[in-house]
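Everything on this sheet refers to the single structure shown next.
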Amino acid sequence: MANREHWGSKMGFVLAAAGSAIGLGNVWKFPYVTGSNGGAAFVFIYLISVVILGLPIMIAELVIGRHTEKDPVGAFKQIAGGTTWEFVGYLGVLSGFFILSFYSVVGGWTIGYIVKSITGSIAGLHDTAQASEIFKQYVANPYLSILYHVLFMASCMYIVIKGIKNGIEKWSKILMPLLFVILIALIVRGITMEGSLEGIIFFLNPDFSKITLNSILSALGQSFFSLSLGMGAMITYGSYLSREDKILHSALWIVLLDTLVAILAGFAIFPSVFAMSLSPQEGPGLIFHVIPAVFARMPLGQFFEVLFFVLLFIAALTSGISLLEVVVAYITDEKGWSRRKAVLVMGSIITLLGIPSALSFGVMGNVTILGNTFFDFMDKLTSNYMLPIGGFFIAICLGWKYGLENTIHELDPDTRFISLKELWAFMIKFVSPFILFVVFFMLIKDDIVALLQKVF
Ligand code: PFF
């Protein structure tokens with residue numbers, strides 16, 4: 001497409017893509033999954049899966065995006081037009097649609113908690129039980145949950161409506177450096193407290209006895225979600241790359257920054273948690289139950305608490321815009337709508353779809369789909385099913401159907417020492433699909449057994 005918008009600079013692209021990758025997955029989920037899976041041992045497995053699974057698929061998505069210069073549906077129409085492979089693109093757009101609907105609910109909580117920490121209504125909660133009670137009351141309130149969910153969606157829409165260069169890239173260039181500054185401030189605050197060493201040891205000293213098959217699967221799934229893979233977000237961002245940009249180099253940077261922030265988030269959280277004699281194994285509530293108690297016990301706690309929730313909001317926002325962009329790119333490219341109309345209409349539909357998720361912790365808590373609340377159902381459906389299936393088919397379609405010989409020229413020239421292109425080709429054809437198949441099979445095995453038991 002001759003007049004397709006492009007990123008203004010390579011750094012702008014890397015920051016935007018890193019913004020997509022760095023999200024609630026890094027700052028909220030990674031620390032608590034690590035906390036309940038043996039600390040450093042989990043981090044070790046996570047790092048392996050980032051390298052052998054995440055990086056090759058990240059490169060594959062960027063290659064498909066730049067090669068076709070299309071949204072995920074358009075991209076698969078181009079590389080596998082007229083065949084059933086087109087569904088991979090549709091699956092991606094639908095995943096973006098679904099993920100954003102519940103992701104925005106948690107994004108809304110971060111806004112609510114910024115307000116709460118500024119007004120001081122969660123200051124002085126020394127006890128995690130008290131903090132957890134406040135959290136439960138807050139998420140059960142239908143008006144507040146919906147209000148903040150709408151506010152979060154409106155923030156994403158505001159940025160995406162302005163387009164690639166003046167919206168997504170401009171805001172990523174402001175927000176991502178800010179995110180790093182806040183993260184460093186929180187780490188310095190945490191590790192300079194008495195008793196923080198224990199947290200650092202917990203995070204760095206592996207306990208391999210805690211590693212089970214399930215924790216390996218969580219590490220793989222987590223790396224996938226964290227890197228925004230399997231639904232065409234990186235295809236979409238890659239489609240705005242110019243011919244001169246170097247894909248391997250950029251992909252390495254994105255993966256490096258995402259992993260760095262996950263690790264740094266651990267350093268920002270565990271030392272403080274241990275210094276305040278709290279437990280790291282709190283699960284999903286770690287951030288919302290334990291963190292207020294941590295800050296309540298800390299000098300200058302309220303200030304750092306505000307910073308913490310601003311960090312979480314920024315992380316969520318730069319991911320939210322990438323999810324919305326996938327849907328918007330599809331509508332503008334394939335249906336010819338203006339960007340403005342696509343953002344307003346699709347953004348509103350996603351907001352509506354998010355309402356049952358926003359109500360899942362209160363008035364709709366009893367409404368279940370296959371035993372899950374609406375929120376959990378959406379989360380499981382996308383993270384456990386749609387993303388791994390999407391990733392699997394992206395690898396297979398590129399590696400076997402379209403053929404790597406048609407796209408490998410998109411990669412940077414090889415170094416003298418090792419053929420990175422050949423290595424990538426091997427990974428994408430054999431290793432990644434195999435691992436994804438196994439992961440997917442393991443993840444759904446229990447669900448299918450449970451379902452069959454219900455039916456028969
Ligand atoms: N990578 C984001 C996170 O770690 O929170 C979540 C995400 C964003 C997943 C965008 C998929 C996506 F396309």
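Ordered as shown in the structure tokens, chains take letters A, B, and onward, while each chain numbers its residues from 1 and ligands are numbered from 1 in the order shown.
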
### Task
Identify, with DSSP run on backbone atoms, the residues in range 225-454 of chain A assigned to strand (DSSP E), and express the list as a PyMOL selection string.
chain A and resi 368-369+372-373

### Message
Can you pull out every residue with an atom within 7 Å of ligand 1? Use only C-alpha atoms and all ligand atoms and format it as a VMD selection string.
### Response
chain A and resid 20 to 26 96 225 to 229 231 to 233 316 319 to 320 322 to 323

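Picture a line from CA of Arg66 in chain A to CA of Ser242 in chain A; it runs 7.4 Å.
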
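Closest approach to Ile314 in chain A among A:Gly74, A:Gly107, A:Gly65, A:Gly221: A:Gly107, based on only C-alpha atoms.
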
### Message
At a cut-off of 12 Å, using only C-alpha atoms, what residues contact Thr84 in chain A? Leave out same-chain residues fewer than 6 positions from it and give the result as a list of chain:residue names.
### Response
A:Val73, A:Phe76, A:Lys77, A:Tyr90, A:Leu91, A:Phe393, A:Cys397, A:Lys401

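Between Gly195 in chain A and the candidates A:Phe304, A:Phe274, A:Phe44, A:Phe102, the tightest atom-to-atom separation, counting only C-alpha atoms, involves A:Phe274.
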
### Shell of 8 Å around range 198-205 of chain A, only C-alpha atoms, local chain residues under 5 positions omitted, as a ChimeraX atom specification
/A:39-41,266-267,270-275

Identify, on the basis of only C-alpha atoms, every residue whose closest approach to range 166-175 of chain A does not exceed 7 Å; exclude the query and any residue fewer than 4 positions from it along the same chain; express the result as an mmCIF file with all heavy atoms, in the first residue's frame.
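File result_12.cif, as written:
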data_model
loop_
_atom_site.group_PDB
_atom_site.id
_atom_site.type_symbol
_atom_site.label_atom_id
_atom_site.label_comp_id
_atom_site.auth_asym_id
_atom_site.auth_seq_id
_atom_site.Cartn_x
_atom_site.Cartn_y
_atom_site.Cartn_z
ATOM 1 N N GLY A 12 11.548 4.791 17.855
ATOM 2 C CA GLY A 12 10.116 4.950 18.122
ATOM 3 C C GLY A 12 9.397 3.612 17.997
ATOM 4 O O GLY A 12 8.570 3.244 18.832
ATOM 5 N N PHE A 13 9.769 2.857 16.954
ATOM 6 C CA PHE A 13 9.144 1.541 16.769
ATOM 7 C C PHE A 13 9.497 0.606 17.919
ATOM 8 O O PHE A 13 8.625 -0.054 18.488
ATOM 9 C CB PHE A 13 9.581 0.911 15.433
ATOM 10 C CG PHE A 13 9.399 -0.574 15.408
ATOM 11 C CD1 PHE A 13 8.122 -1.125 15.398
ATOM 12 C CD2 PHE A 13 10.490 -1.431 15.442
ATOM 13 C CE1 PHE A 13 7.941 -2.503 15.426
ATOM 14 C CE2 PHE A 13 10.318 -2.806 15.468
ATOM 15 C CZ PHE A 13 9.036 -3.339 15.464
ATOM 16 N N LEU A 15 10.361 1.263 20.938
ATOM 17 C CA LEU A 15 9.679 1.655 22.183
ATOM 18 C C LEU A 15 8.193 1.299 22.134
ATOM 19 O O LEU A 15 7.615 0.857 23.128
ATOM 20 C CB LEU A 15 9.851 3.149 22.447
ATOM 21 C CG LEU A 15 11.241 3.560 22.917
ATOM 22 C CD1 LEU A 15 11.322 5.063 23.116
ATOM 23 C CD2 LEU A 15 11.619 2.847 24.222
ATOM 24 N N ALA A 16 7.566 1.489 20.967
ATOM 25 C CA ALA A 16 6.138 1.159 20.856
ATOM 26 C C ALA A 16 5.929 -0.351 21.003
ATOM 27 O O ALA A 16 5.037 -0.802 21.730
ATOM 28 C CB ALA A 16 5.585 1.644 19.515
ATOM 29 N N GLY A 19 6.531 -1.320 24.367
ATOM 30 C CA GLY A 19 5.371 -0.878 25.151
ATOM 31 C C GLY A 19 4.234 -1.879 25.082
ATOM 32 O O GLY A 19 3.532 -2.128 26.072
ATOM 33 N N ILE A 159 -5.376 7.756 22.133
ATOM 34 C CA ILE A 159 -4.041 7.634 21.525
ATOM 35 C C ILE A 159 -4.116 6.995 20.134
ATOM 36 O O ILE A 159 -3.503 7.481 19.174
ATOM 37 C CB ILE A 159 -3.103 6.815 22.447
ATOM 38 C CG1 ILE A 159 -2.885 7.585 23.760
ATOM 39 C CG2 ILE A 159 -1.775 6.532 21.758
ATOM 40 C CD1 ILE A 159 -2.041 6.862 24.784
ATOM 41 N N VAL A 160 -4.901 5.932 20.005
ATOM 42 C CA VAL A 160 -4.926 5.199 18.733
ATOM 43 C C VAL A 160 -5.564 6.036 17.613
ATOM 44 O O VAL A 160 -5.181 5.935 16.447
ATOM 45 C CB VAL A 160 -5.643 3.835 18.912
ATOM 46 C CG1 VAL A 160 -5.823 3.124 17.581
ATOM 47 C CG2 VAL A 160 -4.829 2.951 19.856
ATOM 48 N N LYS A 162 -5.130 8.988 16.976
ATOM 49 C CA LYS A 162 -4.152 9.923 16.408
ATOM 50 C C LYS A 162 -3.186 9.237 15.443
ATOM 51 O O LYS A 162 -2.324 9.897 14.857
ATOM 52 C CB LYS A 162 -3.371 10.597 17.526
ATOM 53 C CG LYS A 162 -4.245 11.420 18.466
ATOM 54 C CD LYS A 162 -3.563 12.715 18.818
ATOM 55 C CE LYS A 162 -4.294 13.543 19.835
ATOM 56 N NZ LYS A 162 -5.487 14.181 19.490
ATOM 57 N N LEU A 179 8.343 5.024 32.471
ATOM 58 C CA LEU A 179 8.170 3.728 33.133
ATOM 59 C C LEU A 179 9.506 3.247 33.722
ATOM 60 O O LEU A 179 9.564 2.792 34.866
ATOM 61 C CB LEU A 179 7.620 2.729 32.120
ATOM 62 C CG LEU A 179 7.371 1.294 32.588
ATOM 63 C CD1 LEU A 179 6.046 0.794 32.018
ATOM 64 C CD2 LEU A 179 8.457 0.358 32.148
ATOM 65 N N ILE A 314 0.791 2.875 33.158
ATOM 66 C CA ILE A 314 1.540 3.096 31.913
ATOM 67 C C ILE A 314 1.772 1.759 31.201
ATOM 68 O O ILE A 314 1.586 1.631 29.988
ATOM 69 C CB ILE A 314 2.913 3.755 32.200
ATOM 70 C CG1 ILE A 314 2.716 5.159 32.744
ATOM 71 C CG2 ILE A 314 3.776 3.775 30.944
ATOM 72 C CD1 ILE A 314 4.013 5.853 33.131
ATOM 73 N N THR A 318 0.164 1.178 27.326
ATOM 74 C CA THR A 318 0.914 0.966 26.083
ATOM 75 C C THR A 318 0.654 -0.433 25.499
ATOM 76 O O THR A 318 0.873 -0.659 24.317
ATOM 77 C CB THR A 318 2.434 1.183 26.300
ATOM 78 O OG1 THR A 318 2.833 0.464 27.465
ATOM 79 C CG2 THR A 318 2.761 2.648 26.459
#

### Message
as a ChimeraX atom specification, please: every residue in range 423-454 of chain A that a backbone DSSP assignment puts in alpha helix (DSSP H).
### Response
/A:423-426,432-454

So that I can check the surroundings of range 347-363 of chain A, please list as a compact mmCIF listing (two decimals) with N, CA, C and O atoms, in the first residue's frame every protein, DNA and RNA residue that reaches within 6 Å of it, counting only C-alpha atoms and ignoring chain neighbours fewer than 4 positions away.
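Saved file selection-v3.txt follows:
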# COMPACT_ATOMS: atom_id res chain seq x y z
N SER A 101 -10.90 -6.53 26.07
CA SER A 101 -12.12 -6.34 26.86
C SER A 101 -11.90 -6.62 28.35
O SER A 101 -12.43 -5.92 29.19
N PHE A 102 -11.08 -7.62 28.68
CA PHE A 102 -10.86 -7.84 30.13
C PHE A 102 -9.58 -7.19 30.64
O PHE A 102 -9.47 -6.83 31.80
N VAL A 105 -10.27 -3.96 32.06
CA VAL A 105 -10.86 -3.94 33.41
C VAL A 105 -9.73 -3.81 34.45
O VAL A 105 -9.81 -2.98 35.36
N VAL A 139 -13.48 -3.84 43.73
CA VAL A 139 -13.77 -4.49 42.44
C VAL A 139 -15.21 -5.00 42.37
O VAL A 139 -15.73 -5.25 41.28
N ALA A 140 -15.85 -5.12 43.54
CA ALA A 140 -17.25 -5.57 43.53
C ALA A 140 -18.21 -4.42 43.25
O ALA A 140 -19.38 -4.63 42.95
N PRO A 142 -20.06 -2.10 41.15
CA PRO A 142 -20.30 -2.11 39.69
C PRO A 142 -20.04 -0.75 39.04
O PRO A 142 -19.52 -0.70 37.92
N SER A 145 -16.14 -0.04 38.90
CA SER A 145 -15.43 -0.93 37.96
C SER A 145 -15.70 -0.51 36.53
O SER A 145 -14.80 -0.48 35.69
N VAL A 343 -11.84 3.46 15.27
CA VAL A 343 -11.51 3.52 16.70
C VAL A 343 -12.78 3.72 17.52
O VAL A 343 -13.00 3.03 18.53
N THR A 373 -15.94 -17.47 35.95
CA THR A 373 -16.63 -16.19 35.80
C THR A 373 -16.32 -15.69 34.39
O THR A 373 -15.40 -16.18 33.73
N PHE A 374 -17.08 -14.70 33.95
CA PHE A 374 -16.89 -14.18 32.60
C PHE A 374 -15.45 -13.71 32.40
O PHE A 374 -14.82 -14.00 31.39
N PHE A 375 -14.92 -13.01 33.40
CA PHE A 375 -13.55 -12.50 33.34
C PHE A 375 -12.56 -13.67 33.17
O PHE A 375 -11.72 -13.67 32.27

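Here CA of Glu61 in chain A is placed at a distance of 14.8 Å from CA of Ala80 in chain A.
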
### Task
Skip Ile444 in chain A itself and residues of its chain fewer than 5 positions away, then list as a ChimeraX atom specification all residues within 9 Å of it, counting only C-alpha atoms.
/A:384-385,439,449

### Task
May I ask which of the residues A:Leu213, A:Leu311, A:Ile321, A:Leu241 is the closest one to Met442 in chain A, counting only C-alpha atoms?
A:Leu213

With a cut-off of 9 Å, could you pull out the residues of range 63-144 of chain A touching range 327-339 of chain A and give me the nearest pair of atoms for each, distance in Å to one decimal, using only C-alpha atoms, ordered by chain and ascending number, as a tab-separated table?
residue	atom	partner	partner_atom	distance
A:Lys70	CA	A:Asp333	CA	7.1
A:Asp71	CA	A:Tyr330	CA	5.2
A:Pro72	CA	A:Tyr330	CA	6.9
A:Val73	CA	A:Tyr330	CA	6.6
A:Gly74	CA	A:Glu334	CA	6.8
A:Gly92	CA	A:Val327	CA	8.9
A:Val93	CA	A:Val327	CA	5.5
A:Leu94	CA	A:Val327	CA	7.8
A:Gly96	CA	A:Val327	CA	6.5
A:Phe97	CA	A:Val327	CA	6.6

Keeping all heavy atoms for every residue in the selection just given, could you write it to a file as a compact mmCIF listing (two decimals), in the first residue's frame?
# COMPACT_ATOMS: atom_id res chain seq x y z
N LYS A 70 0.44 -5.34 5.88
CA LYS A 70 -1.01 -5.45 6.07
C LYS A 70 -1.34 -5.77 7.53
O LYS A 70 -0.48 -6.21 8.30
CB LYS A 70 -1.56 -6.61 5.23
CG LYS A 70 -1.34 -6.48 3.74
CD LYS A 70 -2.65 -6.12 3.05
CE LYS A 70 -2.42 -5.68 1.61
NZ LYS A 70 -1.75 -6.68 0.80
N ASP A 71 -2.60 -5.62 7.87
CA ASP A 71 -3.13 -6.07 9.15
C ASP A 71 -3.08 -7.62 9.15
O ASP A 71 -2.88 -8.22 8.09
CB ASP A 71 -4.57 -5.59 9.29
CG ASP A 71 -5.44 -6.28 8.27
OD1 ASP A 71 -5.33 -5.97 7.06
OD2 ASP A 71 -6.20 -7.19 8.64
N PRO A 72 -3.29 -8.27 10.32
CA PRO A 72 -3.16 -9.74 10.33
C PRO A 72 -4.06 -10.46 9.32
O PRO A 72 -3.60 -11.42 8.67
CB PRO A 72 -3.55 -10.12 11.75
CG PRO A 72 -3.25 -8.90 12.56
CD PRO A 72 -3.49 -7.73 11.67
N VAL A 73 -5.29 -10.02 9.14
CA VAL A 73 -6.17 -10.70 8.18
C VAL A 73 -5.63 -10.51 6.76
O VAL A 73 -5.48 -11.46 5.99
CB VAL A 73 -7.63 -10.20 8.29
CG1 VAL A 73 -8.48 -10.74 7.15
CG2 VAL A 73 -8.23 -10.60 9.63
N GLY A 74 -5.31 -9.27 6.42
CA GLY A 74 -4.77 -8.97 5.10
C GLY A 74 -3.47 -9.72 4.86
O GLY A 74 -3.20 -10.21 3.76
N GLY A 92 -6.47 -13.92 15.20
CA GLY A 92 -5.65 -12.89 15.84
C GLY A 92 -6.47 -11.66 16.19
O GLY A 92 -6.43 -11.16 17.32
N VAL A 93 -7.24 -11.17 15.21
CA VAL A 93 -8.04 -9.97 15.44
C VAL A 93 -9.06 -10.23 16.55
O VAL A 93 -9.26 -9.40 17.45
CB VAL A 93 -8.74 -9.53 14.15
CG1 VAL A 93 -9.69 -8.36 14.41
CG2 VAL A 93 -7.70 -9.13 13.10
N LEU A 94 -9.66 -11.40 16.52
CA LEU A 94 -10.64 -11.74 17.56
C LEU A 94 -9.96 -11.82 18.93
O LEU A 94 -10.53 -11.37 19.94
CB LEU A 94 -11.28 -13.10 17.21
CG LEU A 94 -12.62 -13.37 17.88
CD1 LEU A 94 -13.67 -12.38 17.39
CD2 LEU A 94 -13.07 -14.81 17.59
N GLY A 96 -7.39 -10.07 19.90
CA GLY A 96 -7.16 -8.69 20.33
C GLY A 96 -8.42 -8.10 20.93
O GLY A 96 -8.42 -7.45 21.98
N PHE A 97 -9.51 -8.35 20.26
CA PHE A 97 -10.83 -7.90 20.67
C PHE A 97 -11.17 -8.43 22.08
O PHE A 97 -11.54 -7.68 22.98
CB PHE A 97 -11.79 -8.50 19.65
CG PHE A 97 -13.07 -7.78 19.50
CD1 PHE A 97 -13.14 -6.65 18.71
CD2 PHE A 97 -14.20 -8.25 20.12
CE1 PHE A 97 -14.34 -5.99 18.56
CE2 PHE A 97 -15.41 -7.60 19.97
CZ PHE A 97 -15.47 -6.46 19.18

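Taking CA of Gly35 in chain A as the reference point, CA of Leu260 in chain A is found at 17.2 Å.
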